[in-house]
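Student: Before I ask anything, here is the structure I am working with.
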Amino acid sequence: KEFGKISHVVGRVDWDWPGTTIMPPTYLSNDKAVKQHHFERRMVDGDRQQIVVVDSIQSCANRTETALIKAKRRGIIDMPSIEFISESMGTSSSFELSHRIFSYEIRCALTEKGGNQRFSDTKEGKIIFGRNPSLYMEEIAKHCASSVLFGTWNSRNNVPGPSVNMARISRSFHNEIIAGVGEETCRSQSMIHRFNFETAVGVWHKETDLRDRVHEEPKAKKGWIKAKPADLGAASIPPTLIKHGVSPTWIREDVWIDFNCLRKFDTNDPQKDQQYRTMAALLGLLGHRMKCHDAHLRSGCTLIPKNEEVVTYQFLPSKEEFAVTVDDAIELYKKSLDAMDWYDASKTTNVYADEAFESQVEKHNEKVFT
């Protein structure tokens, strides 16, 4: 298709679910003490309906990136990425880090293990963390393909002066799963502890640190309070009903790739720009198809696609439909790479945690696990 005549590619997946209830995610309410589902009233197919968000746009993006990096690691596709290597935390891809290529870990990483040069101080790093959009967009694309597709923002620049022209790339891939609310449901919980402690005789702890436990005859100590059995994970839970879960009437997933947003990828080279925009759109399509195979979202929320093999998408504004399998998406993506002789899709840049990062992780682990 002629890229200039497309505003969006949109798709929809209809889902079934086992049982009669699903467990959407919960969020803190305003009082920060009660967790709640994300309910809204929306216009769906022309009707005002009560819906619940089953998987948010941000969560779907993370799942799509995870599907893509898994495909790369299994040798199914080539895709440039930065691998952050830490002795204490293992290896994390720029597809997995919270701010992608502009994550703290990459900004402070070293080009060699135990070395002195930071990635942000290399020629490529200075361009990526610099202020020239036509330069940093190309380098970002060459090092982390997902950053242009899922959006990224250099919010913590290391260049002196105001944050004018620092990289801020909007998200062009959007994906969300919602459900029609039939009824809100309840969840029961109960537990009988083997020892069924009712009092905390002989167990005291520091008020500010539940991990620091002392087993001795109770006596008052400054800064210490008497522990409750629940504080120590040693209490029974009486049979309790809490409002949790939804019995849905339908579940649908919507995905749209914004070609108007992709057009903001501009390196002042029209041929390169067109090739990269096409590749990025097909990478999003591929990620979505691969993500659909892993529909276990969380405990109590496993979805079953009504048509596992094929997803039908539309070009807008023409509304022309096309169907895509996973194999189709892989083939289309690889064809787009073949046309880009300037683009090294197999590029993997390894960077390494510095001593300060490793020390920070070590202190955190001591605090949590000791």
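The chains in the structure tokens are called A, B, ... from first to last as shown; in each chain the residues are counted from 1, and the ligands are counted from 1 in the order shown.
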From a DSSP pass on the backbone, collect the residues of range 235-360 of chain A flagged as helix (DSSP H, G or I) and hand them back as a PDB file with C-alpha atoms, in the first residue's frame.

Tutor:
ATOM      1  CA  PHE A 259       0.819   6.354  10.585  1.00  0.00           C
ATOM      2  CA  ASN A 260       0.492  10.113  11.134  1.00  0.00           C
ATOM      3  CA  CYS A 261       2.654   9.656  14.220  1.00  0.00           C
ATOM      4  CA  LEU A 262       5.159   7.479  12.346  1.00  0.00           C
ATOM      5  CA  PRO A 270      12.906  10.795   2.443  1.00  0.00           C
ATOM      6  CA  GLN A 271      13.890   7.323   1.226  1.00  0.00           C
ATOM      7  CA  LYS A 272      15.302   6.260   4.601  1.00  0.00           C
ATOM      8  CA  ASP A 273      12.326   7.742   6.411  1.00  0.00           C
ATOM      9  CA  GLN A 274       9.808   5.881   4.258  1.00  0.00           C
ATOM     10  CA  GLN A 275      11.659   2.584   4.621  1.00  0.00           C
ATOM     11  CA  TYR A 276      11.951   2.905   8.371  1.00  0.00           C
ATOM     12  CA  ARG A 277       8.316   3.948   8.880  1.00  0.00           C
ATOM     13  CA  THR A 278       7.157   0.929   6.884  1.00  0.00           C
ATOM     14  CA  MET A 279       9.429  -1.408   8.847  1.00  0.00           C
ATOM     15  CA  ALA A 280       8.260   0.040  12.184  1.00  0.00           C
ATOM     16  CA  ALA A 281       4.594  -0.414  11.253  1.00  0.00           C
ATOM     17  CA  LEU A 282       5.233  -4.041  10.282  1.00  0.00           C
ATOM     18  CA  LEU A 283       7.202  -4.594  13.503  1.00  0.00           C
ATOM     19  CA  GLY A 284       4.157  -3.424  15.457  1.00  0.00           C
ATOM     20  CA  LEU A 285       1.914  -5.725  13.451  1.00  0.00           C
ATOM     21  CA  LEU A 286       4.290  -8.634  14.103  1.00  0.00           C
ATOM     22  CA  GLY A 287       4.504  -7.881  17.820  1.00  0.00           C
ATOM     23  CA  HIS A 288       0.729  -7.817  18.114  1.00  0.00           C
ATOM     24  CA  ARG A 289       0.307 -11.140  16.337  1.00  0.00           C
ATOM     25  CA  MET A 290       2.970 -12.770  18.511  1.00  0.00           C
ATOM     26  CA  LYS A 291       1.460 -11.340  21.694  1.00  0.00           C
ATOM     27  CA  VAL A 326       1.965 -14.915  12.469  1.00  0.00           C
ATOM     28  CA  ASP A 327       3.919 -16.387   9.524  1.00  0.00           C
ATOM     29  CA  ASP A 328       2.565 -13.619   7.248  1.00  0.00           C
ATOM     30  CA  ALA A 329       3.701 -10.965   9.722  1.00  0.00           C
ATOM     31  CA  ILE A 330       7.198 -12.463   9.977  1.00  0.00           C
ATOM     32  CA  GLU A 331       7.551 -12.601   6.186  1.00  0.00           C
ATOM     33  CA  LEU A 332       6.340  -9.012   5.696  1.00  0.00           C
ATOM     34  CA  TYR A 333       8.706  -7.723   8.382  1.00  0.00           C
ATOM     35  CA  LYS A 334      11.692  -9.541   6.851  1.00  0.00           C
ATOM     36  CA  LYS A 335      10.842  -8.152   3.397  1.00  0.00           C
ATOM     37  CA  SER A 336      10.853  -4.622   4.806  1.00  0.00           C
ATOM     38  CA  LEU A 337      14.346  -5.223   6.230  1.00  0.00           C
ATOM     39  CA  ASP A 338      15.625  -6.501   2.874  1.00  0.00           C
ATOM     40  CA  GLU A 355      30.231  -0.167  40.144  1.00  0.00           C
ATOM     41  CA  ALA A 356      27.731   2.308  41.590  1.00  0.00           C
ATOM     42  CA  PHE A 357      24.782   0.397  40.102  1.00  0.00           C
ATOM     43  CA  GLU A 358      26.046  -2.982  41.344  1.00  0.00           C
ATOM     44  CA  SER A 359      26.621  -1.507  44.812  1.00  0.00           C
ATOM     45  CA  GLN A 360      23.114  -0.039  44.848  1.00  0.00           C
TER      46      GLN A 360
END

Student: Leaving out range 98-112 of chain A and any residue of its chain fewer than 6 positions from it, which residues lie within 9 Å of it when counting only C-alpha atoms, given as a ChimeraX atom specification?

Tutor: /A:62,81-85,118-120,122,125,128-129,140,143-144,146-147,151-158,349-354,357

Student: Those residues with N, CA and C atoms, as a CSV table (one decimal), in the first residue's frame please?

Tutor:
chain,number,residue,atom,x,y,z
A,62,ASN,N,4.1,-3.3,26.9
A,62,ASN,CA,5.1,-4.1,27.5
A,62,ASN,C,5.0,-5.5,27.1
A,81,SER,N,18.9,-3.9,19.3
A,81,SER,CA,18.6,-3.7,20.7
A,81,SER,C,19.9,-3.4,21.5
A,82,ILE,N,19.7,-2.8,22.6
A,82,ILE,CA,20.8,-2.6,23.6
A,82,ILE,C,20.6,-3.6,24.7
A,83,GLU,N,21.6,-4.4,25.1
A,83,GLU,CA,21.5,-5.3,26.2
A,83,GLU,C,22.3,-4.8,27.3
A,84,PHE,N,21.6,-4.6,28.4
A,84,PHE,CA,22.3,-4.1,29.7
A,84,PHE,C,22.7,-5.3,30.5
A,85,ILE,N,23.9,-5.4,30.8
A,85,ILE,CA,24.4,-6.6,31.5
A,85,ILE,C,24.9,-6.2,32.9
A,118,ARG,N,31.4,5.7,29.4
A,118,ARG,CA,30.0,5.5,29.5
A,118,ARG,C,29.4,5.5,28.0
A,119,PHE,N,28.4,4.7,27.8
A,119,PHE,CA,27.7,4.7,26.5
A,119,PHE,C,27.3,6.0,26.1
A,120,SER,N,26.8,6.8,27.0
A,120,SER,CA,26.3,8.2,26.7
A,120,SER,C,27.4,9.1,26.2
A,122,THR,N,29.9,8.0,24.2
A,122,THR,CA,30.4,7.6,22.9
A,122,THR,C,29.9,8.5,21.8
A,125,GLY,N,26.3,7.6,21.5
A,125,GLY,CA,25.6,8.1,22.7
A,125,GLY,C,25.3,9.6,22.7
A,128,ILE,N,22.5,10.3,20.4
A,128,ILE,CA,21.2,9.9,21.0
A,128,ILE,C,20.7,10.8,22.1
A,129,PHE,N,21.6,11.2,22.9
A,129,PHE,CA,21.3,12.1,24.1
A,129,PHE,C,21.5,13.5,23.7
A,140,ILE,N,18.6,6.4,17.4
A,140,ILE,CA,17.7,5.6,18.2
A,140,ILE,C,17.1,4.4,17.5
A,143,HIS,N,19.6,1.6,17.2
A,143,HIS,CA,20.0,0.9,18.4
A,143,HIS,C,18.8,0.2,19.1
A,144,CYS,N,17.6,0.8,18.9
A,144,CYS,CA,16.4,0.2,19.7
A,144,CYS,C,15.2,0.5,18.8
A,146,SER,N,12.2,-0.5,19.0
A,146,SER,CA,10.9,-0.3,19.6
A,146,SER,C,10.7,1.2,20.1
A,147,SER,N,11.8,1.9,20.3
A,147,SER,CA,11.6,3.2,20.9
A,147,SER,C,10.8,4.2,20.0
A,151,GLY,N,7.3,4.7,21.6
A,151,GLY,CA,7.5,6.0,22.2
A,151,GLY,C,8.6,6.0,23.2
A,152,THR,N,9.3,7.1,23.3
A,152,THR,CA,10.4,7.3,24.3
A,152,THR,C,10.6,8.8,24.6
A,153,TRP,N,11.2,9.0,25.7
A,153,TRP,CA,11.4,10.4,26.1
A,153,TRP,C,12.6,10.6,26.9
A,154,ASN,N,13.5,11.4,26.5
A,154,ASN,CA,14.7,11.7,27.2
A,154,ASN,C,14.4,12.8,28.3
A,155,SER,N,13.8,12.3,29.4
A,155,SER,CA,13.4,13.2,30.4
A,155,SER,C,14.5,13.6,31.4
A,156,ARG,N,15.6,12.8,31.4
A,156,ARG,CA,16.7,13.1,32.3
A,156,ARG,C,18.0,13.3,31.4
A,157,ASN,N,18.1,14.4,30.7
A,157,ASN,CA,19.2,14.5,29.8
A,157,ASN,C,20.5,14.8,30.6
A,158,ASN,N,21.6,14.5,30.0
A,158,ASN,CA,22.9,14.8,30.6
A,158,ASN,C,23.7,15.8,29.8
A,349,THR,N,24.0,-4.1,20.9
A,349,THR,CA,25.0,-3.3,21.6
A,349,THR,C,25.0,-3.7,23.0
A,350,ASN,N,26.1,-4.3,23.5
A,350,ASN,CA,26.2,-4.7,24.9
A,350,ASN,C,26.8,-3.5,25.7
A,351,VAL,N,26.1,-3.2,26.8
A,351,VAL,CA,26.6,-2.2,27.8
A,351,VAL,C,26.6,-2.8,29.1
A,352,TYR,N,27.4,-2.3,30.1
A,352,TYR,CA,27.6,-3.0,31.3
A,352,TYR,C,27.3,-2.0,32.5
A,353,ALA,N,26.8,-2.6,33.6
A,353,ALA,CA,26.5,-1.8,34.8
A,353,ALA,C,27.8,-1.4,35.4
A,354,ASP,N,27.8,-0.1,35.9
A,354,ASP,CA,29.0,0.4,36.6
A,354,ASP,C,29.0,-0.1,38.1
A,357,PHE,N,26.0,1.1,40.3
A,357,PHE,CA,24.8,0.4,40.1
A,357,PHE,C,24.8,-0.9,40.8

Student: Compare A:Lys306, A:His244, A:His174, A:Arg168 by their minimum atom-to-atom distance to Cys60 in chain A, counting only C-alpha atoms, and give me the closest one.

Tutor: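 Of A:Lys306, A:His244, A:His174, A:Arg168, the one nearest Cys60 in chain A is A:His174, counting only C-alpha atoms.
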
Student: Quick one, how far is CA of Ala141 in chain A from CA of Arg12 in chain A?

Tutor: 27.7 Å

Student: For CA of Phe150 in chain A and CA of Thr91 in chain A, quote the distance in Å rounded to one decimal.

Tutor: 21.1 Å

Student: So how many Å separate CA of Val10 in chain A and CA of Val54 in chain A, to one decimal?

Tutor: 19.0 Å

Student: Might you pull out every residue within 12 Å of Gly182 in chain A, with only C-alpha atoms counted and same-chain residues fewer than 3 positions away left off, and present them as JSON, numbers by chain?

Tutor: {"A": [20, 21, 22, 49, 50, 51, 52, 179, 185, 245, 246, 247, 248, 249, 250, 251]}

Student: Determine the nearest neighbour of Pro133 in chain A from the options A:Asn175, A:Asn365, A:Thr267, A:Asn307, counting only C-alpha atoms.

Tutor: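 Using only C-alpha atoms, Pro133 in chain A sits closest to A:Thr267.
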
Student: Neighbours of Ser7 in chain A within 12 Å (only C-alpha atoms; same-chain residues fewer than 4 positions away dropped), as an MDAnalysis selection string?

Tutor: chainID A and resid 1:3 172 256:263 281 314:319
